[in-house]
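File shown here: upload.txt, holding compact mmCIF, C-alpha atoms.
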```txt
# COMPACT_ATOMS: atom_id res chain seq x y z
CA MET T 1 -53.91 -109.57 67.20
CA ARG T 2 -51.75 -110.53 70.17
CA ILE T 3 -51.05 -106.86 70.96
CA LEU T 4 -54.77 -106.10 70.87
CA ASN T 5 -55.48 -109.01 73.19
CA ARG T 6 -52.88 -107.80 75.66
CA LEU T 7 -54.43 -104.34 75.61
CA LYS T 8 -57.77 -105.89 76.55
CA TRP T 9 -56.03 -107.84 79.33
CA LEU T 10 -54.52 -104.64 80.72
CA GLN T 11 -57.81 -102.77 80.51
CA ALA T 12 -59.61 -105.53 82.42
CA PHE T 13 -56.81 -105.76 84.99
CA GLU T 14 -56.72 -101.99 85.58
CA ALA T 15 -60.51 -101.73 85.95
CA THR T 16 -60.64 -104.73 88.30
CA SER T 17 -57.88 -103.22 90.46
CA ARG T 18 -59.80 -99.94 90.80
CA HIS T 19 -63.16 -101.52 91.56
CA GLY T 20 -61.84 -104.39 93.62
CA SER T 21 -64.14 -106.84 91.84
CA PHE T 22 -64.84 -108.38 88.45
CA THR T 23 -68.44 -107.17 88.76
CA GLY T 24 -67.48 -103.51 89.14
CA ALA T 25 -65.04 -103.74 86.25
CA ALA T 26 -67.67 -105.48 84.13
CA ASN T 27 -70.20 -102.71 84.73
CA GLU T 28 -67.64 -100.14 83.61
CA LEU T 29 -66.47 -102.06 80.54
CA GLY T 30 -69.90 -103.21 79.43
CA VAL T 31 -69.14 -106.95 79.52
CA THR T 32 -69.89 -109.82 81.90
CA PRO T 33 -67.92 -110.47 85.10
CA ALA T 34 -66.93 -113.85 83.67
CA ALA T 35 -65.42 -112.14 80.62
CA VAL T 36 -63.41 -109.77 82.83
CA GLY T 37 -62.19 -112.68 84.94
CA GLN T 38 -61.11 -114.56 81.84
CA LEU T 39 -59.12 -111.57 80.56
CA VAL T 40 -57.40 -111.07 83.91
CA ARG T 41 -56.54 -114.77 84.16
CA ALA T 42 -55.09 -114.64 80.66
CA LEU T 43 -52.80 -111.82 81.78
CA GLU T 44 -51.81 -113.78 84.88
CA GLU T 45 -50.95 -116.79 82.73
CA TRP T 46 -48.84 -114.58 80.46
CA VAL T 47 -46.85 -113.06 83.39
CA GLY T 48 -46.61 -116.44 85.08
CA HIS T 49 -48.08 -115.69 88.52
CA PRO T 50 -51.27 -114.37 90.19
CA LEU T 51 -51.77 -110.59 90.26
CA LEU T 52 -54.83 -110.36 92.50
CA THR T 53 -55.80 -111.97 95.77
CA ARG T 54 -59.22 -112.18 97.39
CA ILE T 55 -59.70 -110.68 100.83
CA ARG T 56 -62.75 -110.83 103.05
CA SER T 57 -63.72 -107.70 105.00
CA GLY T 58 -67.49 -107.41 104.93
CA ASN T 59 -67.80 -107.74 101.17
CA GLU T 60 -65.30 -109.85 99.30
CA ARG T 61 -62.80 -107.72 97.42
CA LEU T 62 -59.97 -108.39 95.03
CA THR T 63 -56.73 -106.66 95.92
CA LEU T 64 -53.38 -106.33 94.18
CA ILE T 65 -50.34 -108.28 95.25
CA THR T 66 -47.52 -105.96 96.30
CA GLU T 67 -45.38 -106.63 93.22
CA ALA T 68 -48.20 -105.57 90.90
CA GLN T 69 -48.78 -102.11 92.35
CA ASP T 70 -45.87 -100.38 90.61
CA ALA T 71 -46.81 -102.02 87.34
CA LEU T 72 -50.41 -100.87 87.75
CA ASP T 73 -49.31 -97.24 88.07
CA ASP T 74 -47.50 -97.48 84.73
CA ILE T 75 -50.42 -99.29 83.12
CA THR T 76 -52.86 -96.62 84.33
CA VAL T 77 -50.68 -93.85 82.91
CA GLY T 78 -50.40 -95.73 79.63
CA LEU T 79 -54.16 -96.23 79.31
CA ASP T 80 -54.72 -92.56 80.19
CA LYS T 81 -52.30 -91.55 77.43
CA LEU T 82 -54.09 -93.80 74.95
CA GLU T 83 -57.39 -92.18 75.92
CA SER T 84 -55.84 -88.72 75.55
CA GLY T 85 -54.55 -89.65 72.11
CA LEU T 86 -57.97 -90.85 71.03
CA LYS T 87 -59.51 -87.59 72.20
CA LYS T 88 -56.98 -85.66 70.13
CA LEU T 89 -58.02 -87.69 67.11
CA ARG T 90 -61.61 -86.64 67.74
CA GLY T 91 -60.60 -83.01 67.94
CA ARG T 92 -61.09 -80.22 70.40
CA LYS T 93 -64.77 -80.97 70.92
CA ALA T 94 -64.00 -84.23 72.72
CA ARG T 95 -65.54 -84.21 76.21
CA SER T 96 -64.41 -85.77 79.46
CA VAL T 97 -66.65 -87.10 82.21
CA LEU T 98 -65.89 -86.37 85.87
CA VAL T 99 -67.74 -88.11 88.72
CA VAL T 100 -67.79 -86.00 91.91
CA THR T 101 -69.14 -87.35 95.19
CA ALA T 102 -70.32 -85.51 98.31
CA SER T 103 -73.11 -85.77 100.85
CA GLN T 104 -76.59 -84.64 99.92
CA VAL T 105 -76.63 -81.66 102.24
CA LEU T 106 -73.19 -80.47 101.11
CA VAL T 107 -74.12 -80.74 97.43
CA MET T 108 -77.44 -78.93 97.88
CA ASN T 109 -76.31 -76.12 100.16
CA TRP T 110 -72.64 -75.61 99.31
CA LEU T 111 -71.42 -77.17 96.06
CA MET T 112 -74.34 -76.44 93.70
CA PRO T 113 -74.25 -72.63 94.18
CA ARG T 114 -70.61 -72.50 93.03
CA LEU T 115 -70.36 -75.41 90.57
CA HIS T 116 -71.20 -73.20 87.59
CA ARG T 117 -67.88 -71.41 88.06
CA PHE T 118 -66.04 -74.64 87.30
CA SER T 119 -68.15 -75.36 84.23
CA GLU T 120 -67.62 -71.85 82.86
CA HIS T 121 -63.86 -72.46 82.65
CA ASN T 122 -63.99 -76.18 81.78
CA GLU T 123 -66.61 -76.44 79.07
CA LEU T 124 -65.36 -79.82 77.80
CA ILE T 125 -65.73 -81.56 81.16
CA ASP T 126 -69.12 -83.04 82.02
CA VAL T 127 -69.62 -83.22 85.79
CA ARG T 128 -71.70 -86.05 87.22
CA LEU T 129 -72.67 -85.81 90.88
CA ASP T 130 -72.80 -88.97 92.97
CA VAL T 131 -74.82 -87.74 95.94
CA ALA T 132 -74.52 -90.13 98.87
CA ASP T 133 -74.34 -89.86 102.64
CA ARG T 134 -72.26 -93.05 102.82
CA LEU T 135 -68.55 -92.84 102.02
CA ILE T 136 -68.08 -93.71 98.35
CA ASP T 137 -65.04 -95.92 97.70
CA LEU T 138 -62.79 -93.51 95.82
CA SER T 139 -59.77 -95.78 96.04
CA HIS T 140 -61.53 -98.35 93.85
CA GLY T 141 -63.08 -95.99 91.33
CA GLU T 142 -66.69 -95.60 92.53
CA ALA T 143 -66.14 -91.88 91.87
CA ASP T 144 -63.23 -89.78 90.64
CA ILE T 145 -63.02 -87.14 93.37
CA GLY T 146 -64.96 -86.13 96.45
CA ILE T 147 -65.50 -83.50 99.10
CA ARG T 148 -65.49 -84.76 102.67
CA CYS T 149 -65.77 -83.26 106.12
CA GLY T 150 -63.72 -85.04 108.75
CA THR T 151 -60.31 -85.34 110.34
CA GLY T 152 -58.49 -85.58 106.99
CA HIS T 153 -57.37 -89.20 107.25
CA TRP T 154 -58.89 -91.65 104.78
CA LYS T 155 -56.80 -94.70 103.98
CA GLY T 156 -55.48 -94.87 100.42
CA LEU T 157 -56.62 -91.36 99.48
CA VAL T 158 -54.95 -87.99 98.91
CA ALA T 159 -56.74 -85.41 101.10
CA ASP T 160 -56.07 -81.68 100.64
CA TRP T 161 -57.43 -79.24 103.20
CA MET T 162 -60.01 -76.75 101.95
CA MET T 163 -61.39 -74.96 105.01
CA ASP T 164 -62.14 -75.35 108.71
CA GLU T 165 -65.63 -75.63 110.11
CA GLU T 166 -67.63 -74.42 113.08
CA VAL T 167 -71.10 -74.98 114.49
CA VAL T 168 -73.68 -72.18 114.54
CA MET T 169 -77.06 -71.84 116.22
CA ILE T 170 -79.81 -71.09 113.71
CA CYS T 171 -83.54 -70.62 113.36
CA SER T 172 -86.11 -69.25 110.92
CA PRO T 173 -86.64 -65.45 111.00
CA SER T 174 -90.31 -66.17 111.66
CA ALA T 175 -89.40 -67.72 115.02
CA LEU T 176 -87.64 -64.61 116.34
CA PRO T 177 -89.30 -62.39 118.96
CA ALA T 178 -90.95 -59.27 117.57
CA ASN T 179 -89.08 -55.97 117.86
CA GLU T 180 -86.31 -57.28 120.11
CA PRO T 181 -83.20 -59.45 119.76
CA ALA T 182 -83.15 -63.08 120.75
CA ASN T 183 -82.06 -63.55 124.36
CA ALA T 184 -81.55 -66.38 126.82
CA GLN T 185 -85.14 -66.25 128.09
CA TRP T 186 -86.50 -66.49 124.54
CA LEU T 187 -84.17 -69.40 123.80
CA PHE T 188 -85.39 -71.19 126.95
CA GLU T 189 -88.91 -71.22 125.47
CA GLN T 190 -87.87 -72.71 122.11
CA LYS T 191 -87.85 -76.33 120.98
CA LEU T 192 -84.30 -77.56 120.46
CA ILE T 193 -83.66 -79.57 117.29
CA GLN T 194 -81.19 -82.34 118.12
CA ASP T 195 -79.04 -83.62 115.21
CA ASP T 196 -78.44 -87.29 116.04
CA THR T 197 -76.16 -87.80 113.04
CA PRO T 198 -72.84 -89.27 114.26
CA HIS T 199 -69.86 -86.88 114.21
CA PRO T 200 -66.96 -89.11 115.34
CA GLY T 201 -63.94 -87.13 116.41
CA ALA T 202 -65.52 -83.77 115.55
CA ASN T 203 -66.01 -82.49 119.12
CA PHE T 204 -69.49 -81.39 118.05
CA PRO T 205 -70.94 -79.26 120.89
CA SER T 206 -73.80 -80.60 122.97
CA TRP T 207 -76.89 -78.53 123.59
CA GLU T 208 -76.04 -78.57 127.29
CA SER T 209 -72.67 -76.88 126.73
CA VAL T 210 -74.18 -74.40 124.28
CA LEU T 211 -76.99 -73.41 126.66
CA GLN T 212 -74.51 -72.85 129.48
CA LYS T 213 -72.38 -70.63 127.26
CA VAL T 214 -75.31 -68.34 126.48
CA GLY T 215 -76.37 -68.18 130.12
CA LEU T 216 -78.97 -70.95 130.53
CA GLU T 217 -78.53 -73.56 133.22
CA SER T 218 -81.82 -75.42 132.79
CA GLU T 219 -82.00 -78.45 130.51
CA GLN T 220 -85.77 -78.94 130.64
CA GLN T 221 -86.53 -77.77 127.10
CA THR T 222 -88.30 -80.08 124.66
CA ARG T 223 -86.21 -81.71 121.94
CA LEU T 224 -86.91 -82.77 118.40
CA HIS T 225 -84.48 -85.59 117.58
CA ILE T 226 -83.56 -86.07 113.90
CA ASN T 227 -80.89 -88.40 112.49
CA SER T 228 -80.38 -86.47 109.24
CA THR T 229 -78.51 -83.16 109.00
CA ALA T 230 -80.43 -82.21 105.85
CA THR T 231 -83.72 -82.71 107.70
CA VAL T 232 -82.43 -80.77 110.71
CA ILE T 233 -81.81 -77.79 108.43
CA GLN T 234 -85.23 -78.19 106.80
CA ALA T 235 -86.89 -78.30 110.22
CA ALA T 236 -85.18 -75.03 111.18
CA LEU T 237 -86.22 -73.45 107.87
CA SER T 238 -89.80 -74.52 108.58
CA GLY T 239 -89.79 -72.80 111.98
CA ARG T 240 -89.87 -76.02 114.01
CA GLY T 241 -87.23 -74.85 116.46
CA VAL T 242 -83.59 -73.88 116.99
CA ALA T 243 -80.79 -76.05 115.61
CA LEU T 244 -77.04 -76.49 115.83
CA VAL T 245 -75.49 -77.13 112.40
CA ARG T 246 -72.20 -76.85 110.53
CA LYS T 247 -71.95 -73.32 109.20
CA ALA T 248 -70.88 -74.16 105.64
CA LEU T 249 -74.09 -76.15 105.19
CA VAL T 250 -76.30 -73.13 105.88
CA GLN T 251 -74.12 -70.23 104.76
CA GLN T 252 -76.22 -69.63 101.65
CA ASP T 253 -79.45 -69.58 103.68
CA LEU T 254 -77.86 -67.17 106.15
CA ASP T 255 -76.68 -64.90 103.34
CA ILE T 256 -80.13 -64.59 101.76
CA GLY T 257 -81.98 -64.33 105.07
CA ARG T 258 -83.83 -67.65 105.06
CA LEU T 259 -82.08 -68.48 108.33
CA VAL T 260 -80.73 -66.34 111.15
CA GLN T 261 -77.59 -67.05 113.16
CA LEU T 262 -78.31 -66.69 116.87
CA PHE T 263 -75.81 -65.44 119.45
CA PRO T 264 -73.13 -64.83 116.77
CA GLU T 265 -70.75 -63.50 119.39
CA ASN T 266 -70.27 -67.10 120.54
CA ARG T 267 -68.09 -69.53 118.58
CA TRP T 268 -68.21 -73.32 118.52
CA PRO T 269 -65.32 -74.53 116.31
CA ILE T 270 -65.09 -78.27 115.68
CA SER T 271 -62.22 -80.62 114.88
CA TRP T 272 -63.55 -81.52 111.44
CA SER T 273 -62.48 -79.65 108.32
CA TYR T 274 -63.39 -79.93 104.65
CA TYR T 275 -61.07 -81.75 102.26
CA VAL T 276 -61.01 -82.50 98.56
CA VAL T 277 -60.12 -86.19 98.28
CA SER T 278 -59.16 -88.58 95.49
CA SER T 279 -56.93 -91.53 94.77
CA SER T 280 -53.41 -90.75 93.53
CA SER T 281 -54.14 -92.54 90.25
CA SER T 282 -57.34 -90.57 89.61
CA LEU T 283 -55.50 -87.33 90.31
CA LYS T 284 -53.26 -88.01 87.30
CA ARG T 285 -56.23 -87.58 84.97
CA PRO T 286 -56.44 -84.01 83.58
CA GLU T 287 -60.15 -83.54 84.33
CA VAL T 288 -59.73 -84.73 87.94
CA LYS T 289 -56.69 -82.51 88.46
CA ALA T 290 -58.62 -79.56 86.98
CA PHE T 291 -61.48 -80.00 89.46
CA HIS T 292 -59.08 -80.59 92.36
CA ASP T 293 -57.13 -77.41 91.63
CA TRP T 294 -60.29 -75.39 91.02
CA MET T 295 -61.76 -76.45 94.37
CA LEU T 296 -58.65 -75.34 96.25
CA SER T 297 -58.38 -72.01 94.40
CA ASP T 298 -62.11 -71.19 94.43
CA ILE T 299 -62.52 -71.73 98.15
CA ARG T 300 -59.64 -69.35 98.83
CA VAL T 301 -60.98 -66.66 96.52
CA LYS T 302 -64.60 -66.92 97.54
```
Write-out of the structure in structure tokens:
Amino acid sequence: MRILNRLKWLQAFEATSRHGSFTGAANELGVTPAAVGQLVRALEEWVGHPLLTRIRSGNERLTLITEAQDALDDITVGLDKLESGLKKLRGRKARSVLVVTASQVLVMNWLMPRLHRFSEHNELIDVRLDVADRLIDLSHGEADIGIRCGTGHWKGLVADWMMDEEVVMICSPSALPANEPANAQWLFEQKLIQDDTPHPGANFPSWESVLQKVGLESEQQTRLHINSTATVIQAALSGRGVALVRKALVQQDLDIGRLVQLFPENRWPISWSYYVVSSSSSLKRPEVKAFHDWMLSDIRVK
């Protein structure tokens, strides 16, 4: 009985450390936050000192004391091995669940068209998509692994480069002039769709710099301001104007002809790249490692 109790203590402690709160751990374990707190306090009494401290940074969060971090790594490995052993008892049909997070526009226009290739080779892994434009807290277990576009530096996470990115100018084929290629004069007459989504550190090109590069000095064109990249793309698809967007987000639409890249001889690379990101502890799980490795290999093949 004492061994079983200690196992429950460790399970509560490990879940609380990942989520940074008794509430998050309770939601995962299917018990009340008070029950999780009681189990963690029982473990602290057994070891003889506190294991978690409360910090305040926006939302209150529980964080490990330094001495507990190494122990947590061993505990996580041990619990993972117990889970693996239980799956072996169930047989080969046992399934794993993998939670993958990415922004809505990246999931819709980039991940979904290729996700079937992962499932074809990993039939016993169920993928759950956590689609969110905010940054999901991977370091505390809100998801197992994610795909992010940025500078590659996210505190507490392992980030592996996938591919670089550039901005392209796009519009609907229906907006193009009849029987002649798009030129600077035609562009001058178009409504410019302005993506007001923040791109900190990306060196995202301004419309002014883009217009100058294609030979237009005037800045008197009308603008349609939108603070959602997904809606910017939809506006371009609907023929509402010309937009500047990250190429990976519209590559599928370009390939099938729903969108047209304008002035392709011009390049607007940005400082952001795409990375597959996860916590080091999550990456030790076989299903997370399988998705991580597949992402890096698939992007290089395709």
Between atom CA of Leu237 of chain T and atom CA of Phe204 of chain T lies a distance of 21.1 Å
Would you kindly identify which residues have an atom no farther than 12 Å from (-91.1, -67.2, 109.4), using all atoms listed in the file and the file's own coordinates, and write them out as a PyMOL selection string?
chain T and resi 171-178+235-241+257-260
Using only C-alpha atoms, the shortest atom-to-atom distance to Ser278 of chain T among T:Ile136, T:Ile193, T:Met169, T:Ala159 belongs to T:Ala159
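With distances restricted to all atoms listed in the file, T:Val158 is the closest residue to Ser279 of chain T from T:Val158, T:Leu86, T:Ala26, T:Leu79.
Nearest-residue note for Val105 of chain T: choosing from T:Thr16, T:Ser273, T:Thr231, T:Ser297, the minimum distance belongs to T:Thr231, counting all atoms listed in the file.
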Margin query: Considering all atoms listed in the file, can you say which of T:Thr32, T:Ser21, T:Glu287, T:Thr151 comes closest to Thr53 of chain T?
Written below: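 Closest candidate: T:Ser21.
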| said: Which residues are near Thr229 of chain T? Cut-off 9 Å, all atoms listed in the file, ignore same chain within fewer than 5 positions. Put them as a PyMOL selection string. | reply: chain T and resi 105+195-197+234+245
Counting only C-alpha atoms, write as a list in words all protein and nucleic acid residues lying at most 7 Å from (-71.8, -82.6, 89.0) in the file's frame.
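Every residue inside that radius is included here: Val99, Val100, Val127, Arg128 and Leu129 of chain T.
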task: Compare T:Trp9, T:Trp154, T:Trp186, T:Phe22 by their minimum atom-to-atom distance to Tyr275 of chain T, counting all atoms listed in the file, and give me the closest one.
output: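 That would be T:Trp154, the residue with the smallest distance to Tyr275 of chain T.
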